Number of protein chains: 2
Amino acid sequence: MATKSLQQSKKPQPTPDAPDELAPAPVEKPRKDVYATAEQMAKRQRSISVSEFFAKNRHLLGFDNPRKALLTTVKEAVDNALDACEEAGILPQVEIAIDALGETHYRVRVTDNGPGIVKKEIPNVFGKLLYGSKFHRLRMSRGQQGIGISAAGMYGLLTTGHPVKITSRTGAKQPSHYYELQIDTKNNKPDIIRERQVEWDREHGTSVEIELEARYQQGRQSVDDYLLQTAIANPHVTLVYKAPDGRVETYAASVPTMPPSPREVKPHPHGVELGILIKMLADSPARTLKQFFTQEFSRVSPRTAEDILTKAGLPDRRPRDVSGQEARTLYNAVAQVKLLAPATDCVVPIGEEKLIAGLKQVVQAGFYAASSRRPAVYRGNPFLIETAIAYGKPQAEESADPASGNETEPPAPETATTDEEEEANELAKLIRFANRVPLLYQQSACAIHKASAGINWRQYGLSQTRGALPTGPLTIVVHMASVWVPFTSESKEAIAGYPEILREIRLGLQECARKLGVHIRAGIRMKTELKKRSYIEKYIPAIGEALRDLLELPEPAVDNVCENLKTVLERSRKM
Amino acid sequence: MATKSLQQSKKPQPTPDAPDELAPAPVEKPRKDVYATAEQMAKRQRSISVSEFFAKNRHLLGFDNPRKALLTTVKEAVDNALDACEEAGILPQVEIAIDALGETHYRVRVTDNGPGIVKKEIPNVFGKLLYGSKFHRLRMSRGQQGIGISAAGMYGLLTTGHPVKITSRTGAKQPSHYYELQIDTKNNKPDIIRERQVEWDREHGTSVEIELEARYQQGRQSVDDYLLQTAIANPHVTLVYKAPDGRVETYAASVPTMPPSPREVKPHPHGVELGILIKMLADSPARTLKQFFTQEFSRVSPRTAEDILTKAGLPDRRPRDVSGQEARTLYNAVAQVKLLAPATDCVVPIGEEKLIAGLKQVVQAGFYAASSRRPAVYRGNPFLIETAIAYGKPQAEESADPASGNETEPPAPETATTDEEEEANELAKLIRFANRVPLLYQQSACAIHKASAGINWRQYGLSQTRGALPTGPLTIVVHMASVWVPFTSESKEAIAGYPEILREIRLGLQECARKLGVHIRAGIRMKTELKKRSYIEKYIPAIGEALRDLLELPEPAVDNVCENLKTVLERSRKM
């Protein structure tokens with residue numbers, strides 16, 4: 001980045017982001033407001049290619065800064081690899097290698113043992129935004145938009161000028177194909193720089209290599225963090241990670257079998273909007289409306305289809321001949337018809353036990369609970385919520401409770417708080433998954449955060465500022481599985497807050513929280529009791545001394561009075 | 001919406017979002033995992049039109065739910081109206097009319113006195129996503145992406161089946177044109193349903209009418225809220241608002257002159273990435289590199305251009321003949337060259353006085369402060385931050401201070417908190433503007449929130465959970481003005497957290513907070529003193545009674561002892 005290079009140069013000089021150290025400003029011409037007519041404005045109207053749009057808005061895709069760019073690139077490549085393997089029924093083995101080529105110049109290579117990609121699809125898959133196999137289907141998968149990996153390639157090109165390099169092979173009897181590609185942003189099309197057949201020691205699989213401006217740093221929101229969390233939510237996956245510092249970490253599969261393969265579903269009639277219905281009618285190859293309803297939707301039997309037509313008072317006909325007004329009548333009829341809820345075997349949970357087992361790998365706690373909810377539906381899309389929590393220190397070491405800690409020793413506003421108070425003052429940690437993919441950024445924009453912060457945790461014995469997460473040694477895990485996860489942006493970092501989704505998360509967390517409340521309360525009561533007593537004990541000696549001086553009482557009488565005072569005061573406190 | 005209609009029907013029946021009340025599930029066929037080959041997967045690969053993409057992801061555009069859809073529709077139409085008026089140098093007068101046509105069916109009509117839109121551009125402006133005049137320029141404006149108003153039309157079509165209706169006229173001697181349009185989502189192109197010349201009583205202007213599924217509700221995040229805040233940040237604008245309940249509210253312009261017209265700027269060389277430079281080189285009509293640098297960028301004089309070539313060690317030539325390797329050399333040379341920071345008269349502030357005047361319309365407080373920062377730069381884009389705060393109740397009524405309120409009477413964890421404590425426990429209110437547009441949603445995803453919550457407000461005398469906003473009677477206002485606001489999503493609700501932006505917001509707020517700290521601290525000291533005294537006074541009578549019983553003291557002696565105890569205890573507390 002220009003800014004970066006600038007800072008490396010030695011002489012002090014003006015930089016764009018240090019406005020206070022500008023070179024002397026030139027004499028600006030006197031300001032004159034310039035206005036435009038409708039005709040002048042019309043000349044400036046232009047189409048914007050989707051690649052241009054995302055190149056300028058690359059933060060929408062998760063490329064806000066070099067560190068995040070590294071994570072996003074790895075994430076998109078790994079998500080694709082896992083999806084491909086699972087769709088082909090292959091237990092995934094994925095290698096991730098990151099090499100530092102310069103201070104902010106890295107190479108990412110992700111290689112999988114998946115089914116490979118057929119030759120003619122390679123350029124579009126890696127060199128065109130909004131292209132893919134997952135967008136037009138309703139099936140639980142990690143990728144869904146046809147943007148991610150091409151966007152990573154585009155970012156690499158924008159920041160280093162280097163093309164994406166792909167090797168892929170679809171079987172032992174097939175040749176391996178090698179491509180160098182770059183995206184033509186003005187037209188959103190792949191430019192093939194180089195292509196050839198190569199020798200490759202794998203029978204099938206895909207390898208993608210991207211050079212990009214990046215920054216590697218361990219810790220929260222790092223590639224390491226992402227891979228660890230991926231391993232936790234995907235115990236059937238083997239990951240081999242070669243970090244830029246030379247470390248090689250292997251997360252071996254802890255389960256030798258694939259999770260159930262999620263089914264593809266057709267849209268549920270109750271989740272389809274009028275405009276979509278009109279479009280489906282116009283596009284359908286069906287010859288009758290009855291066929292249309294039974295073939296294009298789930299949960300519509302021939303009898304239900306007849307029922308819809310009867311309710312609408314319409315004769316059967318070719319779907320494409322239905323007028324707009326008639327479509328509206330059909331739409332209303334659909335809404336009145338009794339239908340089964342969408343099939344829910346299209347969403348596959350991780351499972352309570354595996355969630356807790358995973359959580360134990362991240363945090364050692366004194367208390368764990370998990371809940372795997374039954375499937376539910378938003379906007380016609382089946383989804384399922386799983387939650388888990390971990391609380392406190394393991395066993396006896398458990399430290400001062402945050403709830404009661406706040407009670408008797410509040411920090412004076414002017415004084416600095418101690419380390420321990422700071423810890424009790426820390427917000428709970430959230431770990432989020434969508435279709436088994438860890439979400440590491442934009443936590444506070446996420447439905448999971450919103451639902452978590454919306455719960456009244458105080459009623460379970462935790463402390464909490466209204467509208468914020470609770471504070472204390474708490475870790476919260478939430479997984480959403482769905483045929484279509486409604487992300488708040490193309491970078492797929494946060495889940496949109498549809499009411500049905502918020503509700504399910506809340507119910508799941510409350511289930512865990514109730515168990516936690518029972519656990520906490522016993523501890524609190526004991527501590528509160530102890531604190532109250534110590535509080536009284538703190539003041540009694542001062543009073544004793546005062547009485548001795550004021551009333552000139554002898555020592556034994558003072559002791560006696562103090563003892564009695566204690567009893568009286570404790571009684572008065574308890575009232 | 002289907003769900004809605006379902007809930008209206010009388011008989012209990014299964015609904016997609018009530019999975020617990022399903023009709024009995026049919027016997028599912030035994031589950032069998034189905035896997036795909038690379039060839040089968042290839043057949044599913046398809047292009048996705050940008051309209052299809054956004055129709056499915058309409059929450060990205062601000063159409064998550066009916067209430068927000070109403071706001072977003074009004075917002076996009078009003079933002080466009082204001083931009084057009086200002087670009088044409090016309091003091092904006094905008095009428096907003098919302099009519100309820102059914103319980104969740106509304107009509108929005110926004111009419112302006114702007115320059116109008118020339119006939120042939122009308123269909124694209126309202127019926128095609130990613131089309132507009134603002135994307136390819138660097139100029140401070142409300143709209144910037146060419147998505148908003150077409151997306152509102154698309155949402156209206158999807159939910160009601162009705163087209164968008166536009167009337168526009170570019171001058172007294174021109175005819176008025178009327179269009180009914182709908183977007184062809186599969187191809188992202190306008191379908192013209194109807195078009196004709198009409199009589200219109202305006203000399204120039206545009207009116208747009210959209211029917212949509214919506215919900216109207218006053219309060220936070222409402223259309224009313226948006227219009228009020230718009231009036232505050234745009235004192236030169238007149239808004240006439242006809243609400244669905246028949247109310248007519250007029251926000252008359254309080255300033256009779258336009259704000260300075262923001263200048264269009266060319267990109268600054270230090271904000272351009274390598275990939276962009278390569279693309280600009282290939283596309284430039286310039287015949288020499290020297291011309292290229294002086295014409296396509298700001299702040300590059302002929303001498304600087306020569307300097308770049310010398311540093312790169314390259315002879316001058318046609319830009320399009322520059323190779324990739326040479327482009328990289330040029331890019332590095334640019335980074336080493338001393339340049340003026342970008343011109344900053346392209347960003348126009350609201351101004352400290354106007355900000356505080358506006359703030360006073362929203363909240364009556366005991367203390368106000370504002371700060372208008374000097375322009376700065378992120379990724380080559382000039383921007384400017386303005387901040388203001390309001391604190392406490394007006395004058396003497398000021399209630400219990402949150403900081404000290406927490407100190408002596410902390411709520412026991414088991415007991416319910418009182419109203420007053422709840423209030424002190426409320427998070428500060430944030431009011432956010434980007435290029436004078438109020439941002440009402442996704443607060444916690446916004447750089448403004450991140451920077452505000454990142455400040456240690458405790459050092460200024462407020463209470464705060466780490467990582468959250470401070471609590472108490474505080475309102476924070478932040479305005480970002482820029483030639484390109486980096487929104488976190490297409491719905492333009494939150495600003496992305498570029499480090500330079502976060503820094504400027506932090507500095508602005510700290511400036512306000514320092515003034516606030518001085519104001520608060522005096523108040524706190526006095527109150528703490530009073531509280532301590534009342535605390536002691538609360539216990540003394542209990543002790544007095546205890547002493548009377550224990551030592552059988554006469555009343556006057558008890559009074560005497562109590563008085564003396566008070567003195568002693570206050571002294572001991574102060575130690």
# chains A, B, ... in the order shown; residues from 1 in each chain; ligands from 1

call {"tool": "select_by_dssp", "arguments": {"residues": "segment 425-474 of chain A", "states": "alpha helix (DSSP H)", "output": "list in words"}}
result
Ala447, Ile448, His449, Lys450, Ala451, Ser452, Ala453 and Gly454 of chain A

call {"tool": "calpha_fit_rmsd", "arguments": {"fixed": "chain A", "moving": "chain B"}}
result
0.8 Å

call {"tool": "residues_around", "arguments": {"residues": "Asp316 of chain B", "least_positions_apart": "4", "cutoff": "12 Å", "atoms": "only C-alpha atoms", "output": "list in words"}}
result
Ala286, Arg287, Thr288, Leu289, Lys290, Gln291, Phe292, Phe293, Ala305, Glu306, Asp307, Ile308, Leu309, Thr310, Ala312, Arg320, Asp321, Val322, Glu326 and Leu330 of chain B

call {"tool": "atom_distance", "arguments": {"atom1": "atom CA of Thr72 of chain B", "atom2": "atom CA of Val164 of chain B"}}
result
15.2 Å

call {"tool": "select_by_dssp", "arguments": {"residues": "segment 448-521 of chain A", "states": "strand (DSSP E)", "output": "ChimeraX atom specification"}}
result
/A:463-464,470-471,474-482

call {"tool": "atom_distance", "arguments": {"atom1": "atom CA of Leu82 of chain B", "atom2": "atom CA of Thr387 of chain B"}}
result
23.0 Å

call {"tool": "atom_distance", "arguments": {"atom1": "atom CA of Gly246 of chain B", "atom2": "atom CA of Glu213 of chain B"}}
result
19.1 Å

call {"tool": "closest_residue", "arguments": {"among": "B:Val94, B:Leu239, B:Ala369, B:Ala376", "to": "chain A", "atoms": "only C-alpha atoms"}}
result
B:Ala376

call {"tool": "residues_around", "arguments": {"residues": "Asp191 of chain A", "least_positions_apart": "3", "cutoff": "8 Å", "atoms": "only C-alpha atoms", "output": "NGL selection string"}}
result
:A and (123 or 127 or 181-184)

call {"tool": "write_last_selection", "arguments": {"atoms": "N, CA and C atoms", "output": "PDB file, in the first residue's frame"}}
result
ATOM      1  N   PRO A 123     -11.993 -21.187 -15.426  1.00  0.00           N
ATOM      2  CA  PRO A 123     -11.872 -19.720 -15.528  1.00  0.00           C
ATOM      3  C   PRO A 123     -13.027 -18.969 -14.872  1.00  0.00           C
ATOM      4  N   GLY A 127     -12.543 -16.519 -11.862  1.00  0.00           N
ATOM      5  CA  GLY A 127     -12.288 -15.209 -12.476  1.00  0.00           C
ATOM      6  C   GLY A 127     -13.527 -14.419 -12.812  1.00  0.00           C
ATOM      7  N   LEU A 181      -4.976 -16.938 -14.068  1.00  0.00           N
ATOM      8  CA  LEU A 181      -6.162 -16.146 -14.405  1.00  0.00           C
ATOM      9  C   LEU A 181      -6.132 -14.798 -13.744  1.00  0.00           C
ATOM     10  N   GLN A 182      -6.697 -13.805 -14.405  1.00  0.00           N
ATOM     11  CA  GLN A 182      -7.012 -12.583 -13.671  1.00  0.00           C
ATOM     12  C   GLN A 182      -8.365 -12.073 -14.113  1.00  0.00           C
ATOM     13  N   ILE A 183      -9.023 -11.372 -13.214  1.00  0.00           N
ATOM     14  CA  ILE A 183     -10.379 -10.914 -13.509  1.00  0.00           C
ATOM     15  C   ILE A 183     -10.304  -9.602 -14.280  1.00  0.00           C
ATOM     16  N   ASP A 184     -11.114  -9.500 -15.328  1.00  0.00           N
ATOM     17  CA  ASP A 184     -11.252  -8.241 -16.067  1.00  0.00           C
ATOM     18  C   ASP A 184     -12.383  -7.482 -15.380  1.00  0.00           C
TER      19      ASP A 184
END

call {"tool": "residues_around", "arguments": {"residues": "Leu502 of chain B", "least_positions_apart": "3", "cutoff": "12 Å", "atoms": "only C-alpha atoms", "output": "PyMOL selection string"}}
result
chain B and resi 376-378+383-385+446-455+478+480+495-499+505-509

call {"tool": "write_last_selection", "arguments": {"atoms": "N, CA and C atoms", "output": "compact mmCIF listing (two decimals), in the first residue's frame"}}
result
# COMPACT_ATOMS: atom_id res chain seq x y z
N ALA B 376 -8.99 14.81 6.90
CA ALA B 376 -7.93 13.81 6.89
C ALA B 376 -8.17 12.90 5.68
N VAL B 377 -7.41 11.82 5.59
CA VAL B 377 -7.46 10.99 4.39
C VAL B 377 -7.39 9.51 4.76
N TYR B 378 -8.25 8.67 4.16
CA TYR B 378 -8.08 7.21 4.26
C TYR B 378 -8.05 6.66 2.84
N PHE B 383 -11.62 12.97 3.98
CA PHE B 383 -12.83 12.92 4.80
C PHE B 383 -12.66 13.83 5.99
N LEU B 384 -13.76 14.06 6.67
CA LEU B 384 -13.77 15.01 7.78
C LEU B 384 -14.75 14.50 8.84
N ILE B 385 -14.34 14.62 10.10
CA ILE B 385 -15.18 14.15 11.20
C ILE B 385 -15.64 15.32 12.05
N CYS B 446 -20.91 -0.07 13.24
CA CYS B 446 -20.39 1.17 12.65
C CYS B 446 -19.09 1.62 13.31
N ALA B 447 -18.19 2.16 12.49
CA ALA B 447 -16.94 2.72 13.02
C ALA B 447 -17.23 3.76 14.11
N ILE B 448 -18.34 4.46 13.95
CA ILE B 448 -18.68 5.49 14.94
C ILE B 448 -18.94 4.84 16.30
N HIS B 449 -19.64 3.71 16.29
CA HIS B 449 -19.88 2.99 17.54
C HIS B 449 -18.58 2.42 18.08
N LYS B 450 -17.81 1.84 17.18
CA LYS B 450 -16.56 1.19 17.61
C LYS B 450 -15.63 2.22 18.27
N ALA B 451 -15.48 3.37 17.63
CA ALA B 451 -14.61 4.40 18.19
C ALA B 451 -15.18 4.93 19.50
N SER B 452 -16.49 5.11 19.56
CA SER B 452 -17.11 5.65 20.78
C SER B 452 -16.96 4.68 21.95
N ALA B 453 -17.17 3.39 21.67
CA ALA B 453 -17.08 2.39 22.74
C ALA B 453 -15.62 2.12 23.10
N GLY B 454 -14.70 2.47 22.21
CA GLY B 454 -13.29 2.21 22.46
C GLY B 454 -12.64 3.24 23.37
N ILE B 455 -13.29 4.35 23.55
CA ILE B 455 -12.75 5.39 24.42
C ILE B 455 -12.93 5.00 25.88
N VAL B 478 -21.99 12.08 15.78
CA VAL B 478 -20.81 12.07 14.92
C VAL B 478 -21.24 12.19 13.47
N MET B 480 -19.63 12.05 9.51
CA MET B 480 -18.49 11.85 8.62
C MET B 480 -18.87 12.40 7.25
N ILE B 495 -20.55 2.60 8.90
CA ILE B 495 -19.29 2.97 8.25
C ILE B 495 -18.22 1.96 8.62
N ALA B 496 -17.45 1.52 7.61
CA ALA B 496 -16.40 0.53 7.85
C ALA B 496 -15.28 1.14 8.69
N GLY B 497 -14.63 0.28 9.49
CA GLY B 497 -13.67 0.78 10.48
C GLY B 497 -12.25 0.95 9.97
N TYR B 498 -12.04 1.77 8.96
CA TYR B 498 -10.66 2.06 8.56
C TYR B 498 -9.95 2.78 9.71
N PRO B 499 -8.68 2.43 9.94
CA PRO B 499 -7.97 2.99 11.11
C PRO B 499 -7.97 4.51 11.13
N ILE B 505 -12.44 9.98 14.62
CA ILE B 505 -13.64 9.98 15.49
C ILE B 505 -13.20 10.02 16.95
N ARG B 506 -12.19 9.20 17.26
CA ARG B 506 -11.72 9.14 18.64
C ARG B 506 -11.20 10.51 19.08
N LEU B 507 -10.39 11.13 18.24
CA LEU B 507 -9.83 12.43 18.61
C LEU B 507 -10.92 13.48 18.80
N GLY B 508 -11.90 13.45 17.91
CA GLY B 508 -13.01 14.41 18.01
C GLY B 508 -13.78 14.21 19.31
N LEU B 509 -14.08 12.94 19.61
CA LEU B 509 -14.86 12.67 20.82
C LEU B 509 -14.07 12.98 22.08

call {"tool": "residues_around", "arguments": {"residues": "Gln218 of chain B", "least_positions_apart": "5", "cutoff": "10 Å", "atoms": "only C-alpha atoms", "output": "list in words"}}
result
Arg67, Val223, Asp224, Asp225 and Ala243 of chain B

call {"tool": "closest_residue", "arguments": {"among": "B:Asn65, B:Ser141, B:Asn113, B:Gln443", "to": "Arg263 of chain B", "atoms": "only C-alpha atoms"}}
result
B:Ser141

call {"tool": "residues_around", "arguments": {"residues": "segment 255-259 of chain A", "least_positions_apart": "5", "cutoff": "8 Å", "atoms": "only C-alpha atoms", "output": "PyMOL selection string"}}
result
chain A and resi 86+89-91+235-236+348

call {"tool": "closest_residue", "arguments": {"among": "A:Glu76, A:Glu264, A:Glu121, A:Glu504", "to": "chain B", "atoms": "only C-alpha atoms"}}
result
A:Glu121

call {"tool": "closest_residue", "arguments": {"among": "A:His136, A:Arg44, A:Arg109, A:Lys120", "to": "chain B", "atoms": "only C-alpha atoms"}}
result
A:Arg44

call {"tool": "decode", "arguments": {"residues": "segment 183-284 of chain B", "atoms": "C-alpha atoms", "output": "mmCIF file, in the first residue's frame"}}
result
data_model
loop_
_atom_site.group_PDB
_atom_site.id
_atom_site.type_symbol
_atom_site.label_atom_id
_atom_site.label_comp_id
_atom_site.auth_asym_id
_atom_site.auth_seq_id
_atom_site.Cartn_x
_atom_site.Cartn_y
_atom_site.Cartn_z
ATOM 1 C CA ILE B 183 -36.937 -4.279 -13.079
ATOM 2 C CA ASP B 184 -36.271 -7.474 -15.046
ATOM 3 C CA THR B 185 -34.288 -9.184 -12.302
ATOM 4 C CA LYS B 186 -32.970 -12.006 -14.466
ATOM 5 C CA ASN B 187 -31.227 -9.543 -16.761
ATOM 6 C CA ASN B 188 -30.957 -6.472 -14.521
ATOM 7 C CA LYS B 189 -32.708 -4.271 -17.062
ATOM 8 C CA PRO B 190 -35.758 -1.984 -16.909
ATOM 9 C CA ASP B 191 -39.071 -3.229 -18.334
ATOM 10 C CA ILE B 192 -41.145 -0.238 -19.425
ATOM 11 C CA ILE B 193 -44.784 -0.990 -18.621
ATOM 12 C CA ARG B 194 -46.196 2.389 -19.661
ATOM 13 C CA GLU B 195 -44.843 5.728 -20.795
ATOM 14 C CA ARG B 196 -46.461 8.990 -21.860
ATOM 15 C CA GLN B 197 -46.270 12.772 -21.774
ATOM 16 C CA VAL B 198 -48.392 14.283 -19.045
ATOM 17 C CA GLU B 199 -49.421 17.665 -17.728
ATOM 18 C CA TRP B 200 -47.656 18.598 -14.510
ATOM 19 C CA ASP B 201 -47.951 21.766 -12.487
ATOM 20 C CA ARG B 202 -44.221 21.929 -11.716
ATOM 21 C CA GLU B 203 -41.657 23.662 -13.894
ATOM 22 C CA HIS B 204 -38.990 21.145 -12.993
ATOM 23 C CA GLY B 205 -38.554 18.275 -10.597
ATOM 24 C CA THR B 206 -39.067 14.579 -10.171
ATOM 25 C CA SER B 207 -41.715 12.526 -8.415
ATOM 26 C CA VAL B 208 -41.323 8.834 -7.660
ATOM 27 C CA GLU B 209 -44.063 6.574 -6.334
ATOM 28 C CA ILE B 210 -43.534 3.078 -4.974
ATOM 29 C CA GLU B 211 -46.055 0.628 -3.518
ATOM 30 C CA LEU B 212 -44.553 -1.818 -1.084
ATOM 31 C CA GLU B 213 -45.181 -4.163 1.776
ATOM 32 C CA ALA B 214 -44.366 -2.065 4.815
ATOM 33 C CA ARG B 215 -45.200 -1.249 8.373
ATOM 34 C CA TYR B 216 -45.478 2.244 9.797
ATOM 35 C CA GLN B 217 -44.584 2.894 13.386
ATOM 36 C CA GLN B 218 -43.263 6.037 15.040
ATOM 37 C CA GLY B 219 -40.327 6.140 17.425
ATOM 38 C CA ARG B 220 -36.734 5.139 17.140
ATOM 39 C CA GLN B 221 -35.574 4.212 13.620
ATOM 40 C CA SER B 222 -38.824 5.476 12.103
ATOM 41 C CA VAL B 223 -39.385 7.582 9.006
ATOM 42 C CA ASP B 224 -40.293 10.438 11.368
ATOM 43 C CA ASP B 225 -36.988 10.014 13.165
ATOM 44 C CA TYR B 226 -35.097 9.983 9.862
ATOM 45 C CA LEU B 227 -36.781 13.150 8.594
ATOM 46 C CA LEU B 228 -36.199 15.001 11.866
ATOM 47 C CA GLN B 229 -32.519 14.091 11.840
ATOM 48 C CA THR B 230 -32.281 14.997 8.150
ATOM 49 C CA ALA B 231 -33.656 18.441 8.922
ATOM 50 C CA ILE B 232 -31.107 18.838 11.712
ATOM 51 C CA ALA B 233 -28.120 18.044 9.500
ATOM 52 C CA ASN B 234 -29.493 19.972 6.495
ATOM 53 C CA PRO B 235 -30.729 23.329 7.736
ATOM 54 C CA HIS B 236 -31.027 24.589 4.121
ATOM 55 C CA VAL B 237 -33.647 21.953 3.233
ATOM 56 C CA THR B 238 -37.443 22.236 3.435
ATOM 57 C CA LEU B 239 -39.284 18.979 4.040
ATOM 58 C CA VAL B 240 -43.055 18.562 3.966
ATOM 59 C CA TYR B 241 -44.100 15.225 5.383
ATOM 60 C CA LYS B 242 -47.563 13.755 5.092
ATOM 61 C CA ALA B 243 -47.613 10.800 7.488
ATOM 62 C CA PRO B 244 -49.868 7.756 7.048
ATOM 63 C CA ASP B 245 -52.000 8.922 9.977
ATOM 64 C CA GLY B 246 -52.842 12.168 8.183
ATOM 65 C CA ARG B 247 -50.472 14.423 10.115
ATOM 66 C CA VAL B 248 -48.615 16.972 8.013
ATOM 67 C CA GLU B 249 -45.272 18.082 9.395
ATOM 68 C CA THR B 250 -43.187 20.786 7.851
ATOM 69 C CA TYR B 251 -39.511 21.271 8.531
ATOM 70 C CA ALA B 252 -38.852 24.685 7.037
ATOM 71 C CA ALA B 253 -35.320 25.589 6.030
ATOM 72 C CA SER B 254 -33.694 27.567 8.843
ATOM 73 C CA VAL B 255 -30.927 28.812 6.551
ATOM 74 C CA PRO B 256 -31.736 30.560 3.255
ATOM 75 C CA THR B 257 -28.526 29.634 1.428
ATOM 76 C CA MET B 258 -26.954 26.506 0.005
ATOM 77 C CA PRO B 259 -23.951 24.994 1.783
ATOM 78 C CA PRO B 260 -20.783 25.341 -0.331
ATOM 79 C CA SER B 261 -20.943 23.020 -3.318
ATOM 80 C CA PRO B 262 -18.444 20.200 -2.738
ATOM 81 C CA ARG B 263 -15.752 19.941 -5.429
ATOM 82 C CA GLU B 264 -15.095 16.839 -7.447
ATOM 83 C CA VAL B 265 -11.522 15.599 -7.019
ATOM 84 C CA LYS B 266 -9.285 13.260 -8.952
ATOM 85 C CA PRO B 267 -7.707 10.330 -7.157
ATOM 86 C CA HIS B 268 -4.623 11.038 -5.104
ATOM 87 C CA PRO B 269 -1.622 8.947 -6.265
ATOM 88 C CA HIS B 270 -0.900 7.724 -2.748
ATOM 89 C CA GLY B 271 -4.389 6.263 -2.381
ATOM 90 C CA VAL B 272 -4.272 4.211 -5.584
ATOM 91 C CA GLU B 273 -3.456 0.526 -5.461
ATOM 92 C CA LEU B 274 -1.187 -1.258 -7.890
ATOM 93 C CA GLY B 275 -4.047 -3.046 -9.626
ATOM 94 C CA ILE B 276 -5.954 0.212 -10.100
ATOM 95 C CA LEU B 277 -2.819 1.890 -11.477
ATOM 96 C CA ILE B 278 -2.389 -0.931 -14.007
ATOM 97 C CA LYS B 279 -6.013 -0.548 -15.072
ATOM 98 C CA MET B 280 -5.754 3.245 -15.312
ATOM 99 C CA LEU B 281 -2.604 2.936 -17.430
ATOM 100 C CA ALA B 282 -4.355 0.560 -19.817
ATOM 101 C CA ASP B 283 -7.470 2.736 -20.108
ATOM 102 C CA SER B 284 -5.903 6.200 -20.267
#
